[in-house]
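Student: One structure, as structure tokens, below. Some questions next.
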Amino acid sequence: MSSILRRCTKLTHSGILSMLPGSNGRSCALQYFASEKRYSTSSKIKVDLDSNTGVAIMQFQSPPVNSLSLDFLTEFAINIEKLELDRSCRGVIITSALPKVFSAGLDILEMYQKSPEHYVEFWKAVQEAWFKLYGSSKVTIAAINGNSPAGGCLLAMCCDYRIMAENPRYSIGLNETQLGIVAPFWFKDTMQNVVGHRETEKGLQLGKLYTAPEALKVGLVDELVPEEKVVSSAAEAMSKWLAIPDHARQLSKSMMRKPTIDRLLAAREADITNFVSFTSKDSIQKSLGMYMEMLKKRRS
Ligand SMILES: CCCCCCCC/C=C\C/C=C/C(=O)SCCNC(=O)CCNC(=O)[C@H](O)C(C)(C)COP(=O)(O)OP(=O)(O)OC[C@H]1O[C@@H](n2cnc3c(N)ncnc32)[C@H](O)[C@@H]1OP(=O)(O)O
């Protein structure tokens with residue numbers, strides 16, 4: 001991994017990168033990884049695995065805002081599973097290829113004016129993505145290079161370490177209550193495991209979107225770095241995590257996360273039933289419709 005960084009630094013200093021269109025530290029890391037094995041080329045997510053370092057970089061590339069649709073979540077779970085089974089992969093960096101957004105969270109259109117059967121399928125995909133990422137034995141690092149509300153924040157919180165662009169206009173948090181909906185208990189558990197009970201209580205009730213500096217202050221993210229350095233800093237952090245013997249780190253991770261995972265495993269079906277009945281309510285559909293309208297108005 002340090003060879004990646006040395007190479008990035010060399011290129012940046014030599015000015016070669018500045019000759020590339022749209023080049024910066026972020027693209028340096030991406031270009032380096034891109035020169036390695038293209039692992040998967042699904043339409044919404046790109047994965048490159050560096051066979052020398054064992055580090056995969058997963059880039060979300062689903063315009064306009066990397067919302068977590070059924071298709072996106074299915075691709076995501078398949079990719080994480082594939083990497084999990086690959087013994088040559090030791091770590092995964094998750095980032096966005098789109099400007100200004102890491103992920104806009106769950107795709108609201110998947111929860112709006114659809115059939116109960118669709119809600120079941122969608123919610124199973126949300127659960128599956130969480131199980132795969134939260135339960136991953138690999139080192140997972142979120143390189144958060146844009147806004148990351150709700151489900152986007154959940155994905156980041158599932159990772160072992162979070163590095164965010166220090167842009168004060170970017171925010172992250174579980175803002176569900178602002179949409180008139182309630183984050184399920186396992187979203188809450190995941191946040192509580194990151195920032196503790198009190199901050200989760202405030203954050204969840206207020207549907208708080210933390211600015212990048214606020215997120216650092218409460219421990220929702222671990223580091224803020226200049227935007228162009230988010231991916232190279234993630235690579236640097238990864239090298240520290242990979243210096244620990246895998247078996248010891250993996251057992252420690254599993255020991256910390258197993259109770260949270262077991263809790264959803266035990267309530268999986270009930271959680272789906274709750275989601276379907278909650279989402280199907282007229283009042284919830286009305287709230288989601290109004291929220292989508294608000295997003296559109298804000299744009300115009
Ligand atoms: C009793 C207990 C029972 C338990 C039951 C559990 C129920 C709980 C269920 C689910 C939990 C929900 C989790 C979620 O993740 S909900 C999603 C929350 N997401 C948000 O609130 C983000 C909304 N989006 C934004 O704030 C912004 O888009 C942005 C900051 C991410 C990016 O801003 P910008 O670049 O300015 O883009 P636009 O706002 O202009 O958006 C472009 C385009 O994309 C559409 N869009 C944005 N976000 C979403 C989304 N999450 N899903 C679908 N579509 C989205 C937006 O409407 C624009 O569309 P257009 O006008 O047609 O172009």
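Ligands are numbered from 1 in the order shown, chains are lettered A, B, ... in the order of the structure tokens, and residues start at 1 in each chain.
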Env of Lys188 (chain A): 12 Å cut, atoms = only C-alpha atoms, seq-sep filter 4 positions within chain, self excluded. Answer as a CSV table (one decimal) with N, CA and C atoms, in the first residue's frame.
Tutor:
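Output below, filename result35.csv:
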```
chain,number,residue,atom,x,y,z
A,150,ALA,N,-28.8,9.1,5.5
A,150,ALA,CA,-29.6,7.9,5.7
A,150,ALA,C,-28.9,6.6,5.3
A,151,GLY,N,-29.4,5.9,4.3
A,151,GLY,CA,-28.8,4.6,3.9
A,151,GLY,C,-27.4,4.8,3.5
A,153,CYS,N,-25.3,6.9,4.9
A,153,CYS,CA,-24.6,6.9,6.2
A,153,CYS,C,-24.5,5.5,6.8
A,154,LEU,N,-25.6,4.7,6.6
A,154,LEU,CA,-25.5,3.4,7.1
A,154,LEU,C,-24.4,2.6,6.5
A,157,MET,N,-21.2,3.7,8.0
A,157,MET,CA,-21.1,3.2,9.4
A,157,MET,C,-20.8,1.7,9.5
A,158,CYS,N,-21.1,1.0,8.5
A,158,CYS,CA,-20.8,-0.5,8.5
A,158,CYS,C,-19.3,-0.7,8.3
A,173,GLY,N,-25.6,11.5,8.1
A,173,GLY,CA,-26.4,11.2,9.3
A,173,GLY,C,-27.6,10.4,8.9
A,174,LEU,N,-28.3,9.9,10.0
A,174,LEU,CA,-29.6,9.2,9.7
A,174,LEU,C,-30.7,10.2,9.9
A,175,ASN,N,-31.2,10.7,8.7
A,175,ASN,CA,-32.1,11.8,8.7
A,175,ASN,C,-33.6,11.3,8.5
A,176,GLU,N,-33.8,10.0,8.7
A,176,GLU,CA,-35.1,9.4,8.4
A,176,GLU,C,-36.3,10.2,9.0
A,182,VAL,N,-39.1,6.2,10.1
A,182,VAL,CA,-38.3,5.8,11.3
A,182,VAL,C,-37.2,4.8,10.9
A,183,ALA,N,-36.0,5.2,11.3
A,183,ALA,CA,-34.9,4.2,11.0
A,183,ALA,C,-35.1,2.9,11.8
A,184,PRO,N,-35.0,1.8,11.1
A,184,PRO,CA,-35.2,0.5,11.8
A,184,PRO,C,-34.1,0.3,12.9
A,192,GLN,N,-25.3,3.4,17.0
A,192,GLN,CA,-25.0,3.4,18.4
A,192,GLN,C,-23.6,2.8,18.6
A,193,ASN,N,-23.3,1.7,17.8
A,193,ASN,CA,-22.0,1.1,18.0
A,193,ASN,C,-20.9,2.0,17.5
A,194,VAL,N,-21.2,3.1,16.7
A,194,VAL,CA,-20.2,4.0,16.3
A,194,VAL,C,-20.0,5.2,17.2
A,195,VAL,N,-21.2,5.8,17.5
A,195,VAL,CA,-21.1,7.1,18.3
A,195,VAL,C,-21.6,7.0,19.7
A,196,GLY,N,-22.2,5.9,20.1
A,196,GLY,CA,-22.7,5.8,21.5
A,196,GLY,C,-24.2,6.1,21.6
A,197,HIS,N,-24.7,5.8,22.8
A,197,HIS,CA,-26.2,5.9,23.0
A,197,HIS,C,-26.7,7.3,22.9
A,198,ARG,N,-26.1,8.2,23.6
A,198,ARG,CA,-26.6,9.6,23.8
A,198,ARG,C,-26.6,10.3,22.4
A,199,GLU,N,-25.5,10.2,21.7
A,199,GLU,CA,-25.5,10.9,20.4
A,199,GLU,C,-26.5,10.3,19.4
A,200,THR,N,-26.6,9.0,19.5
A,200,THR,CA,-27.6,8.3,18.6
A,200,THR,C,-29.0,8.7,18.9
A,201,GLU,N,-29.3,8.9,20.2
A,201,GLU,CA,-30.6,9.3,20.6
A,201,GLU,C,-30.9,10.7,20.0
A,202,LYS,N,-30.0,11.6,20.2
A,202,LYS,CA,-30.2,12.9,19.6
A,202,LYS,C,-30.3,12.9,18.1
A,203,GLY,N,-29.3,12.2,17.5
A,203,GLY,CA,-29.2,12.2,16.0
A,203,GLY,C,-30.4,11.6,15.4
A,204,LEU,N,-30.9,10.5,16.0
A,204,LEU,CA,-32.0,9.8,15.4
A,204,LEU,C,-33.3,10.6,15.5
A,205,GLN,N,-33.6,11.1,16.7
A,205,GLN,CA,-34.8,11.9,16.9
A,205,GLN,C,-34.9,13.1,16.0
A,207,GLY,N,-33.2,13.6,13.3
A,207,GLY,CA,-32.9,13.3,11.9
A,207,GLY,C,-31.7,14.1,11.5
A,260,THR,N,-24.9,-7.7,17.3
A,260,THR,CA,-25.7,-6.8,16.5
A,260,THR,C,-26.3,-7.6,15.3
A,264,LEU,N,-30.5,-8.9,14.3
A,264,LEU,CA,-31.3,-8.8,13.1
A,264,LEU,C,-31.6,-10.2,12.5
```
Student: Collect all residues with atoms no farther than 6 Å from ligand 1, counting only C-alpha atoms and all ligand atoms, and output them as a PDB file with N, CA and C atoms, in the first residue's frame.
Tutor:
```pdb
ATOM      1  N   PRO A  64     -28.279   9.930 -10.690  1.00  0.00           N
ATOM      2  CA  PRO A  64     -27.571  11.175 -10.356  1.00  0.00           C
ATOM      3  C   PRO A  64     -26.942  11.180  -8.954  1.00  0.00           C
ATOM      4  N   VAL A  65     -27.426  10.287  -8.035  1.00  0.00           N
ATOM      5  CA  VAL A  65     -26.989  10.461  -6.639  1.00  0.00           C
ATOM      6  C   VAL A  65     -26.617   9.158  -5.925  1.00  0.00           C
ATOM      7  N   SER A  67     -28.340   6.537  -5.461  1.00  0.00           N
ATOM      8  CA  SER A  67     -29.380   6.081  -4.521  1.00  0.00           C
ATOM      9  C   SER A  67     -29.413   4.556  -4.541  1.00  0.00           C
ATOM     10  N   VAL A 101     -21.571  13.577  -4.072  1.00  0.00           N
ATOM     11  CA  VAL A 101     -22.427  12.643  -3.342  1.00  0.00           C
ATOM     12  C   VAL A 101     -21.748  11.280  -3.189  1.00  0.00           C
ATOM     13  N   ALA A 104     -27.067   8.926  -1.756  1.00  0.00           N
ATOM     14  CA  ALA A 104     -28.270   9.619  -1.244  1.00  0.00           C
ATOM     15  C   ALA A 104     -29.127   8.707  -0.388  1.00  0.00           C
ATOM     16  N   GLY A 105     -28.651   7.514  -0.078  1.00  0.00           N
ATOM     17  CA  GLY A 105     -29.428   6.607   0.766  1.00  0.00           C
ATOM     18  C   GLY A 105     -30.403   5.770  -0.041  1.00  0.00           C
ATOM     19  N   LEU A 106     -31.324   5.133   0.662  1.00  0.00           N
ATOM     20  CA  LEU A 106     -32.262   4.249  -0.024  1.00  0.00           C
ATOM     21  C   LEU A 106     -33.011   5.024  -1.102  1.00  0.00           C
ATOM     22  N   ASP A 107     -33.252   4.349  -2.207  1.00  0.00           N
ATOM     23  CA  ASP A 107     -33.992   4.978  -3.300  1.00  0.00           C
ATOM     24  C   ASP A 107     -35.452   5.091  -2.880  1.00  0.00           C
ATOM     25  N   ILE A 108     -35.885   6.330  -2.684  1.00  0.00           N
ATOM     26  CA  ILE A 108     -37.236   6.564  -2.159  1.00  0.00           C
ATOM     27  C   ILE A 108     -38.302   6.019  -3.122  1.00  0.00           C
ATOM     28  N   LEU A 109     -37.974   6.020  -4.407  1.00  0.00           N
ATOM     29  CA  LEU A 109     -38.964   5.533  -5.382  1.00  0.00           C
ATOM     30  C   LEU A 109     -39.267   4.050  -5.201  1.00  0.00           C
ATOM     31  N   ASN A 147     -22.063  14.042   0.009  1.00  0.00           N
ATOM     32  CA  ASN A 147     -23.178  13.884   0.953  1.00  0.00           C
ATOM     33  C   ASN A 147     -23.509  12.413   1.180  1.00  0.00           C
ATOM     34  N   PRO A 149     -26.527  10.910   3.301  1.00  0.00           N
ATOM     35  CA  PRO A 149     -27.662  10.812   4.228  1.00  0.00           C
ATOM     36  C   PRO A 149     -28.186   9.375   4.360  1.00  0.00           C
ATOM     37  N   ALA A 150     -28.848   9.105   5.478  1.00  0.00           N
ATOM     38  CA  ALA A 150     -29.643   7.886   5.718  1.00  0.00           C
ATOM     39  C   ALA A 150     -28.914   6.598   5.305  1.00  0.00           C
ATOM     40  N   GLY A 151     -29.446   5.887   4.314  1.00  0.00           N
ATOM     41  CA  GLY A 151     -28.827   4.625   3.903  1.00  0.00           C
ATOM     42  C   GLY A 151     -27.373   4.800   3.479  1.00  0.00           C
ATOM     43  N   GLU A 176     -33.824  10.040   8.727  1.00  0.00           N
ATOM     44  CA  GLU A 176     -35.130   9.445   8.412  1.00  0.00           C
ATOM     45  C   GLU A 176     -36.315  10.225   8.976  1.00  0.00           C
ATOM     46  N   ILE A 181     -40.296   9.135   8.418  1.00  0.00           N
ATOM     47  CA  ILE A 181     -40.164   7.690   8.613  1.00  0.00           C
ATOM     48  C   ILE A 181     -39.192   7.420   9.770  1.00  0.00           C
ATOM     49  N   VAL A 182     -39.100   6.152  10.143  1.00  0.00           N
ATOM     50  CA  VAL A 182     -38.324   5.797  11.331  1.00  0.00           C
ATOM     51  C   VAL A 182     -37.205   4.850  10.923  1.00  0.00           C
ATOM     52  N   ALA A 183     -35.990   5.152  11.329  1.00  0.00           N
ATOM     53  CA  ALA A 183     -34.888   4.227  11.027  1.00  0.00           C
ATOM     54  C   ALA A 183     -35.129   2.920  11.783  1.00  0.00           C
ATOM     55  N   PRO A 184     -34.982   1.773  11.122  1.00  0.00           N
ATOM     56  CA  PRO A 184     -35.195   0.503  11.817  1.00  0.00           C
ATOM     57  C   PRO A 184     -34.142   0.273  12.902  1.00  0.00           C
ATOM     58  N   ASN A 274     -42.695  -5.624   9.405  1.00  0.00           N
ATOM     59  CA  ASN A 274     -42.829  -4.254   9.929  1.00  0.00           C
ATOM     60  C   ASN A 274     -42.629  -3.224   8.832  1.00  0.00           C
ATOM     61  N   PHE A 275     -41.587  -3.456   8.029  1.00  0.00           N
ATOM     62  CA  PHE A 275     -41.277  -2.496   6.964  1.00  0.00           C
ATOM     63  C   PHE A 275     -42.449  -2.395   5.997  1.00  0.00           C
ATOM     64  N   PHE A 278     -45.498  -0.712   7.626  1.00  0.00           N
ATOM     65  CA  PHE A 278     -45.187   0.705   7.887  1.00  0.00           C
ATOM     66  C   PHE A 278     -45.204   1.500   6.573  1.00  0.00           C
ATOM     67  N   MET A 292     -40.379  13.840  -1.748  1.00  0.00           N
ATOM     68  CA  MET A 292     -39.883  13.829  -3.133  1.00  0.00           C
ATOM     69  C   MET A 292     -40.198  15.166  -3.823  1.00  0.00           C
ATOM     70  N   LEU A 295     -37.787  17.747  -2.678  1.00  0.00           N
ATOM     71  CA  LEU A 295     -36.479  17.608  -3.341  1.00  0.00           C
ATOM     72  C   LEU A 295     -36.523  18.237  -4.735  1.00  0.00           C
ATOM     73  N   LYS A 296     -37.610  18.010  -5.429  1.00  0.00           N
ATOM     74  CA  LYS A 296     -37.739  18.554  -6.792  1.00  0.00           C
ATOM     75  C   LYS A 296     -37.827  20.079  -6.766  1.00  0.00           C
ATOM     76  N   ARG A 299     -34.694  21.920  -6.183  1.00  0.00           N
ATOM     77  CA  ARG A 299     -33.853  21.901  -7.371  1.00  0.00           C
ATOM     78  C   ARG A 299     -34.200  23.042  -8.317  1.00  0.00           C
TER      79      ARG A 299
END
```
Student: Please measure the separation of CA of Ser136 (chain A) and CA of Ile80 (chain A), giving the value in Å to one decimal.
Tutor: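 Straight-line distance from CA of Ser136 (chain A) to CA of Ile80 (chain A) works out to 7.8 Å.
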Student: So which one's closest to Gln127 (chain A), A:Cys89, A:Ala156, A:Leu288, A:Leu70? Using only C-alpha atoms, please.
Tutor: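 Closest to Gln127 (chain A) of all the choices is A:Leu70.
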Student: In Å, how far is it from CA of Val120 (chain A) to CA of Gly152 (chain A)?
Tutor: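 Distance between the two atoms: 20.4 Å.
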Student: Of the residues A:Val225, A:Ile272, A:Cys159, A:Val92, which is the one nearest to Ala125 (chain A), using only C-alpha atoms?
Tutor: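 The answer is A:Ile272, which sits nearest to Ala125 (chain A).
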Student: Using DSSP on the backbone coordinates, identify all residues within region 155-288 of chain A classified as alpha helix (DSSP H); present the result as a PyMOL selection string.
Tutor: chain A and resi 155-158+185-195+197-206+212-218+230-241+246-266+268-280+282-288
Student: Got a sec: who's within 12 Å of Glu117 (chain A), counting only C-alpha atoms, leaving out chain neighbours fewer than 3 positions off, as a ChimeraX atom specification?
Tutor: /A:110-111,113-114,120-124,272-273,275-277,279-280
Student: So which residues touch Arg169 (chain A) within 7 Å, counting only C-alpha atoms, skipping near sequence neighbours fewer than 2 positions away, as a PyMOL selection string?
Tutor: chain A and resi 167+171+211
Student: Smallest atom-to-atom distance to Leu49 (chain A): which of A:Lys82, A:Ser69, A:Ser103, A:Ile144, using only C-alpha atoms?
Tutor: A:Lys82
Student: For the interface of region 99-166 of chain A with region 238-242 of chain A (cut-off 10 Å, counting only C-alpha atoms), please tabulate each contacting residue of region 99-166 of chain A alongside its nearest pair of atoms and their separation in Å to one decimal, rows sorted by chain and increasing number, as CSV.
Tutor:
```
residue,atom,partner,partner_atom,distance
A:Lys138,CA,A:Leu242,CA,9.5
A:Val139,CA,A:Trp241,CA,7.0
A:Thr140,CA,A:Met238,CA,8.3
A:Ile141,CA,A:Met238,CA,7.3
A:Asp160,CA,A:Trp241,CA,9.3
A:Tyr161,CA,A:Met238,CA,8.9
```
Student: Env of Ser42 (chain A): 10 Å cut, atoms = only C-alpha atoms, seq-sep filter 5 positions within chain, self excluded. Answer as a PyMOL selection string.
Tutor: chain A and resi 47+61+72+75-76+79
Student: Would you export the selected residues with N, CA and C atoms as an mmCIF file, in the first residue's frame, please?
Tutor:
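Below you can see out-v1.cif, which holds the result:
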```cif
data_model
loop_
_atom_site.group_PDB
_atom_site.id
_atom_site.type_symbol
_atom_site.label_atom_id
_atom_site.label_comp_id
_atom_site.auth_asym_id
_atom_site.auth_seq_id
_atom_site.Cartn_x
_atom_site.Cartn_y
_atom_site.Cartn_z
ATOM 1 N N VAL A 47 -15.511 -2.235 -9.481
ATOM 2 C CA VAL A 47 -14.581 -2.757 -8.470
ATOM 3 C C VAL A 47 -13.260 -3.111 -9.134
ATOM 4 N N GLN A 61 -21.156 4.321 -9.042
ATOM 5 C CA GLN A 61 -21.255 5.157 -10.249
ATOM 6 C C GLN A 61 -22.679 5.081 -10.814
ATOM 7 N N PHE A 72 -29.176 -1.637 -7.392
ATOM 8 C CA PHE A 72 -27.897 -1.208 -6.826
ATOM 9 C C PHE A 72 -27.537 -2.101 -5.643
ATOM 10 N N GLU A 75 -26.447 -5.582 -6.714
ATOM 11 C CA GLU A 75 -25.068 -5.553 -7.232
ATOM 12 C C GLU A 75 -24.063 -5.407 -6.095
ATOM 13 N N PHE A 76 -24.421 -4.535 -5.167
ATOM 14 C CA PHE A 76 -23.516 -4.265 -4.042
ATOM 15 C C PHE A 76 -23.267 -5.548 -3.239
ATOM 16 N N ASN A 79 -21.105 -8.023 -5.101
ATOM 17 C CA ASN A 79 -19.693 -7.618 -5.142
ATOM 18 C C ASN A 79 -18.993 -7.853 -3.806
#
```
Student: Which residue out of A:Ile93, A:Leu265, A:Ala237, A:Met255 has the minimum interatomic distance to Phe131 (chain A) when only C-alpha atoms are used?
Tutor: A:Leu265
Student: Which of region 119-162 of chain A counts as strand (DSSP E) under DSSP, as a list of chain:residue names please?
Tutor: A:Val139, A:Thr140, A:Ile141, A:Ala142, A:Ala143, A:Ile144, A:Ser148, A:Pro149, A:Tyr161, A:Arg162
Student: Of the candidates A:Ile94, A:Leu83, A:Leu133, A:Val218, which shows the shortest atom-to-atom distance to Met58 (chain A), using only C-alpha atoms?
Tutor: A:Ile94
Student: Select, from A:Ile78, A:Asn66, A:Met294, A:Asp71, the residue with the minimum atom-to-atom distance to Phe102 (chain A), counting only C-alpha atoms.
Tutor: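 The shortest atom-to-atom distance to Phe102 (chain A) comes from A:Asn66.
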